[in-house]
Each structure stands twice: as C-alpha cells, then as structure tokens.
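Data first, discussion second: the structure below is written as structure tokens.
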Amino acid sequence: ESSRKYRRTVFDYDSWVDHRSNERVIKNLRGMFFSGIVRQLQQEVLAVTAIAIGVVVWDGIVVPHDTTGLIPNVGLPAVPFQLSAPALGLLLVFRTNASYGRWLEARVTWGRIVSQSQNTVRMAATFTDMSTSEGKNALNQLALASWAFSRCLMNKLSGPEDEELFQNEMISAFQVHEEKNGDGPESKFIPDIITARNRPLAALMEASIVLDAIPIDEKRRVEIDKSLVISGDLLNACERIFTSPVPLVYTRHTARFLTLWMMLLPFGLYGEFARLPETAAWLGIAGLPLIPGAAVISLFLFGIEELAVQLEEPFSILPMQKFCDDIKASNAEIIEWKIKSCSKAKSK
C-alpha cells in the first residue's frame with residue numbers, strides 16, 4: 001500500500017525516450033524482484049511453491065520408494081485445467097479491463113477538472129475590469145476558490161495521511177491571499193472550508209458566490225458559470241468512482257477461482273514434468289522442475305489479478321497533487337497576463 005505513491009507517474013519527453021529504449025526489457029527484468037507487485041504476491045507464490053514441493057516430495061520420492069504399493073500418487077489429470085483455463089482467462093481479462101476503464105475515467109475526469117478550472121479563471125479575467133480594486137480582488141478570490149475546489153477534492157479522495165498537508169496548503173494559500181488583498185470578510189472562506197463537511201462542494205459554492213459578485217455582463221457570467229456546473233458534474237463523477245468498486249461478487253468469484261486453480265495446478269502439472277527425459281531431471285528426482293515452474297506461473301497469473309486490484313481505486317496512483325499545483329500556477333499566470341495586458345493598453 002505504501003508503494004502506491006510511487007506510481008503517480010508524470011511523463012515528459014525524456015521519460016518517453018527512456019520508455020521506448022531498446023534496453024527496456026533488460027531494465028524491467030532487473031527490477032522484477034524490486035517490483036511492488038512482486039512483493040505484494042509473496043504469500044500467494046510461496047503457498048503455490050510449498051504445494052509444488054509437497055507434490056514432488058510425495059510423488060517423486062515417497063511413492064517410488066514404497067515397496068508395499070499401498071501409497072497412492074496425488075497427481076491429477078491435466079484435462080480439467082485445460083478446459084477451465086479459457087474461463088479463468090476471460091474472468092481475468094474482464095477484471096483488468098474493468099479496472100483499467102476506471103483508471104482511465106478517473107484520469108480523464110481530472111483532466112477536465114484542470115481545464116474547467118483554467119477556463120473559469122481565463123474567462124473571468126477576460127471580462128473583468130482590472131482597473132478597479134474590486135475587480136482585482138474578486139478575480140483573485142475566484143482563482144483561489146477554483147484551486148481550493150481541486151485541492152479539497154484531492155483531499156476527499158486521499159487517505160488520512162493527506163489531512164495535515166491539506167490544512168497546511170489551505171492555510172498558506174489563505175495567508176498569501178490576505179497579504180495581497182487585505183483582511184476583508186470575503187477572504188475568510190478558506191478556514192470555513194477546512195471545517196466544512198463536504199469540502200469540495202463548499203469550495204465550489206464559494207466560487208459561484210464570488211462569480212456572482214464580479215461586475216460583468218450577465219450573459220458573460222452565465223458562460224463562466226457553465227464551467228462551474230461542469231465542475232460539479234466532475235465532482236460527482238469522482239465520488240461515483242471512489243465509492244463504487246467493481247461488483248464484489250465478481251471480484252470475489254475471480255479471486256476464489258484463481259486461488260483454487262493455482263493451488264491445484266501443481267497436482268495437474270506433475271505428470272507432465274515427471275515425463276521429462278532423465279537428462280532433464282534435477283538431482284535424479286522426477287518432476288523437480290515443477291517447483292520453479294509453478295512459482296513462475298503463479299507469479300504471473302496472480303500478478304494479473306493484483307494489477308486489477310491496484311488499478312481499481314485509481315485516485316491514489318494519480319498525480320493529483322501535480323494537477324492541483326498546475327491549476328494554482330496556471331490561474332496565477334492567467335491573472336498576471338491580464339494585468340500586463342491592461343498595463344500595455346494604458347501605456348498606449
């Protein structure tokens with residue numbers, strides 16, 4: 001669980017070059033045993049490996065040395081595994097596709113949150129008269145509320161470890177806003193948001209209130225408000241993904257099917273490994289290569305199911321902090337650009 005924060009990957013040009021490198025296969029193999037997925041599967045792989053060892057010891061050592069002929073083999077025919085493998089494959093494919101679909105929807109939703117926050121401030125900056133202190137303060141207030149919405153949403157979708165960082169960021173933003181705009185009653189909403197029950201909704205409501213106070217034409221206000229309406233829809237989309245997993249009846253059935261299938265697989269594979277030529281037998285024990293074979297197969301099949309589990313809740317592996325920082329930086333840049341444009345227009 002602690003390794004999920006290291007999966008919040010953000011690519012740049014150099015990252016893509018490295019991603020396409022001819023040495024990527026070697027790098028992936030070198031890092032296989034340091035993978036969080038592999039470490040997460042230690043118990044499952046060890047359990048299958050222990051069963052494989054038991055099968056080899058029983059059928060490869062105990063049974064051949066039995067002079068009475070009363071000790072039976074524990075091997076199973078391979079046909080049941082051959083017949084059930086396609087069904088297991090379909091379950092795993094659907095499981096991973098559903099989880100990836102949830103990750104993709106979450107990523108697209110956050111992309112739209114970033115764009116709608118930027119659109120709100122951009123349109124407001126375009127239509128607001130920056131020659132008055134009232135216009136400047138209202139625009140700065142709207143930019144702060146727009147960022148607060150995304151940061152509050154990130155906090156709601158994160159674990160308790162984000163709470164301290166969230167409060168520090170919000171208080172810091174509140175203090176910076178006070179320094180720029182003075183200690184007016186309209187600047188007190190940040191502390192109120194921290195104590196609100198539904199923080200993202202409170203921040204979105206504050207953005208609507210600030211927008212209503214900006215002295216602009218009503219038609220333009222309606223156009224800006226459309227971005228806030230979309231932001232509300234995106235809030236609900238994130239909450240829907242976060243609170244509704246893939247149906248548990250499906251995930252549990254898949255996990256049980258895969259676990260039982262893998263636990264019984266060494267019994268079905270022993271006969272195939274035991275029929276290997278004597279030159280392929282290790283230490284003179286028939287079927288001994290079954291042990292590493294079962295371990296590798298369990299690693300990859302359990303790994304597919306583990307990938308689906310890791311992707312199912314996508315927000316803790318999305319770089320939401322970077323999204324929020326980008327919103328704050330872009331909003332500040334938009335306002336700065338507007339101020340520069342006004343200054344140039346006055347100089348002419």
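The chains in the structure tokens are called A, B, ... from first to last as shown; in each chain the residues are counted from 1, and the ligands are counted from 1 in the order shown.
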For this session: Would you mind listing what lies within 9 Å of A:Gly135 as JSON, numbers by chain, with only C-alpha atoms counted and same-chain residues fewer than 6 positions away left out?
Result: {"A": [128, 129, 214, 215]}
So that I can see what lies close to A:Met205, please list as a PDB file with C-alpha atoms, in the first residue's frame the residues with an atom at most 12 Å from it, counting only C-alpha atoms and leaving out residues fewer than 2 positions away in the same chain.
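The result, written out as result_35.pdb:
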```pdb
ATOM      1  CA  LEU A 142     -12.258  33.279  -7.829  1.00  0.00           C
ATOM      2  CA  ALA A 145     -11.733  29.217  -4.856  1.00  0.00           C
ATOM      3  CA  SER A 146     -11.078  27.391  -8.150  1.00  0.00           C
ATOM      4  CA  ALA A 148      -9.427  25.189  -3.425  1.00  0.00           C
ATOM      5  CA  PHE A 149     -12.084  23.105  -5.164  1.00  0.00           C
ATOM      6  CA  PHE A 189     -13.806  31.257   3.331  1.00  0.00           C
ATOM      7  CA  ILE A 193     -13.858  25.216   4.039  1.00  0.00           C
ATOM      8  CA  ALA A 196     -16.933  22.037   6.177  1.00  0.00           C
ATOM      9  CA  ASN A 198     -18.283  18.460   2.163  1.00  0.00           C
ATOM     10  CA  ARG A 199     -15.183  20.494   1.383  1.00  0.00           C
ATOM     11  CA  PRO A 200     -15.203  20.297  -2.444  1.00  0.00           C
ATOM     12  CA  LEU A 201     -18.857  21.341  -2.597  1.00  0.00           C
ATOM     13  CA  ALA A 202     -18.194  24.226  -0.206  1.00  0.00           C
ATOM     14  CA  ALA A 203     -15.303  25.455  -2.366  1.00  0.00           C
ATOM     15  CA  ALA A 207     -16.621  30.053  -6.461  1.00  0.00           C
ATOM     16  CA  SER A 208     -20.243  30.561  -7.509  1.00  0.00           C
ATOM     17  CA  ILE A 209     -20.730  33.275  -4.880  1.00  0.00           C
ATOM     18  CA  VAL A 210     -17.556  35.092  -5.965  1.00  0.00           C
ATOM     19  CA  LEU A 211     -18.535  34.827  -9.618  1.00  0.00           C
ATOM     20  CA  ASP A 212     -21.921  36.364  -8.848  1.00  0.00           C
ATOM     21  CA  ASP A 225     -20.928  29.568 -14.702  1.00  0.00           C
ATOM     22  CA  LEU A 228     -18.648  25.615 -12.625  1.00  0.00           C
ATOM     23  CA  VAL A 229     -21.659  23.475 -13.484  1.00  0.00           C
ATOM     24  CA  SER A 231     -17.018  21.062 -12.331  1.00  0.00           C
ATOM     25  CA  GLY A 232     -19.937  19.959 -10.153  1.00  0.00           C
TER      26      GLY A 232
END
```
For this session: Skip stretch 112-122 of chain A itself and residues of its chain fewer than 6 positions away, then list as a list in words all residues within 8 Å of it, counting only C-alpha atoms.
Result: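 The neighbour list is Leu139, Leu142, Ala143, Ser146, Trp147, Ser150, Ile224, Asp225, Ser227, Leu228, Ile230, Ser231, Leu234, Phe323, Cys324, Asp326, Ile327, Ser330, Asn331, Ile334 and Ile335 of chain A.
The shortest atom-to-atom distance to A:Leu264, with only C-alpha atoms taken into account, belongs to A:Phe81 out of A:Phe81, A:Trp337, A:Phe127, A:Trp110.
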Problem set entry | Counting only C-alpha atoms, the residue of A:Val55, A:Leu104, A:Val38, A:Val176 that sits nearest A:Ala274 |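 Nearest candidate to A:Ala274 out of A:Val55, A:Leu104, A:Val38, A:Val176: A:Val55.
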Exercise. Stretch 163-311 of chain A: which residues are helix (DSSP H, G or I) by DSSP, as JSON, numbers by chain?
Worked result: {"A": [163, 164, 165, 166, 167, 168, 169, 170, 171, 172, 173, 174, 175, 176, 177, 178, 179, 180, 181, 185, 186, 187, 188, 189, 190, 191, 192, 193, 194, 199, 200, 201, 202, 203, 204, 205, 206, 207, 208, 209, 210, 211, 212, 213, 218, 219, 220, 221, 222, 223, 224, 225, 226, 227, 228, 229, 230, 231, 232, 233, 234, 235, 236, 237, 238, 239, 240, 241, 242, 243, 248, 249, 250, 251, 252, 253, 254, 255, 256, 257, 258, 259, 260, 261, 262, 263, 264, 265, 266, 267, 268, 269, 270, 271, 272, 273, 274, 278, 279, 280, 290, 291, 292, 293, 294, 295, 296, 297, 298, 299, 300, 301, 302, 303, 304, 305, 306, 307, 308, 309, 310, 311]}
Exercise. Of the candidates A:Ala329, A:Leu165, A:Ala78, A:Ala47, which one gets nearest to A:Ser298 if we count only C-alpha atoms?
Worked result: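 Closest residue, counting only C-alpha atoms: A:Ala47.
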For this session: Please measure the separation of atom CA of A:Gly111 and atom CA of A:Asp162, giving the value in Å to one decimal.
Result: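 Pair atom CA of A:Gly111 / atom CA of A:Asp162 returns 21.0 Å.
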Problem set entry | Pick from A:Ala106, A:Ala332, A:Ile190, A:Leu157, whichever lies nearest to A:Glu312 using only C-alpha atoms |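 For A:Glu312, the nearest of the given residues is A:Ala106.
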Problem set entry | Counting only C-alpha atoms, the option among A:Leu307, A:Met130, A:Ala85, A:Met320 closest to A:Gly36 | A:Leu307
For this session: Go through A:Ile194, A:Leu88, A:Val74, A:Leu144 and flag the residue nearest A:Gln167, using only C-alpha atoms for the distances.
Result: A:Ile194
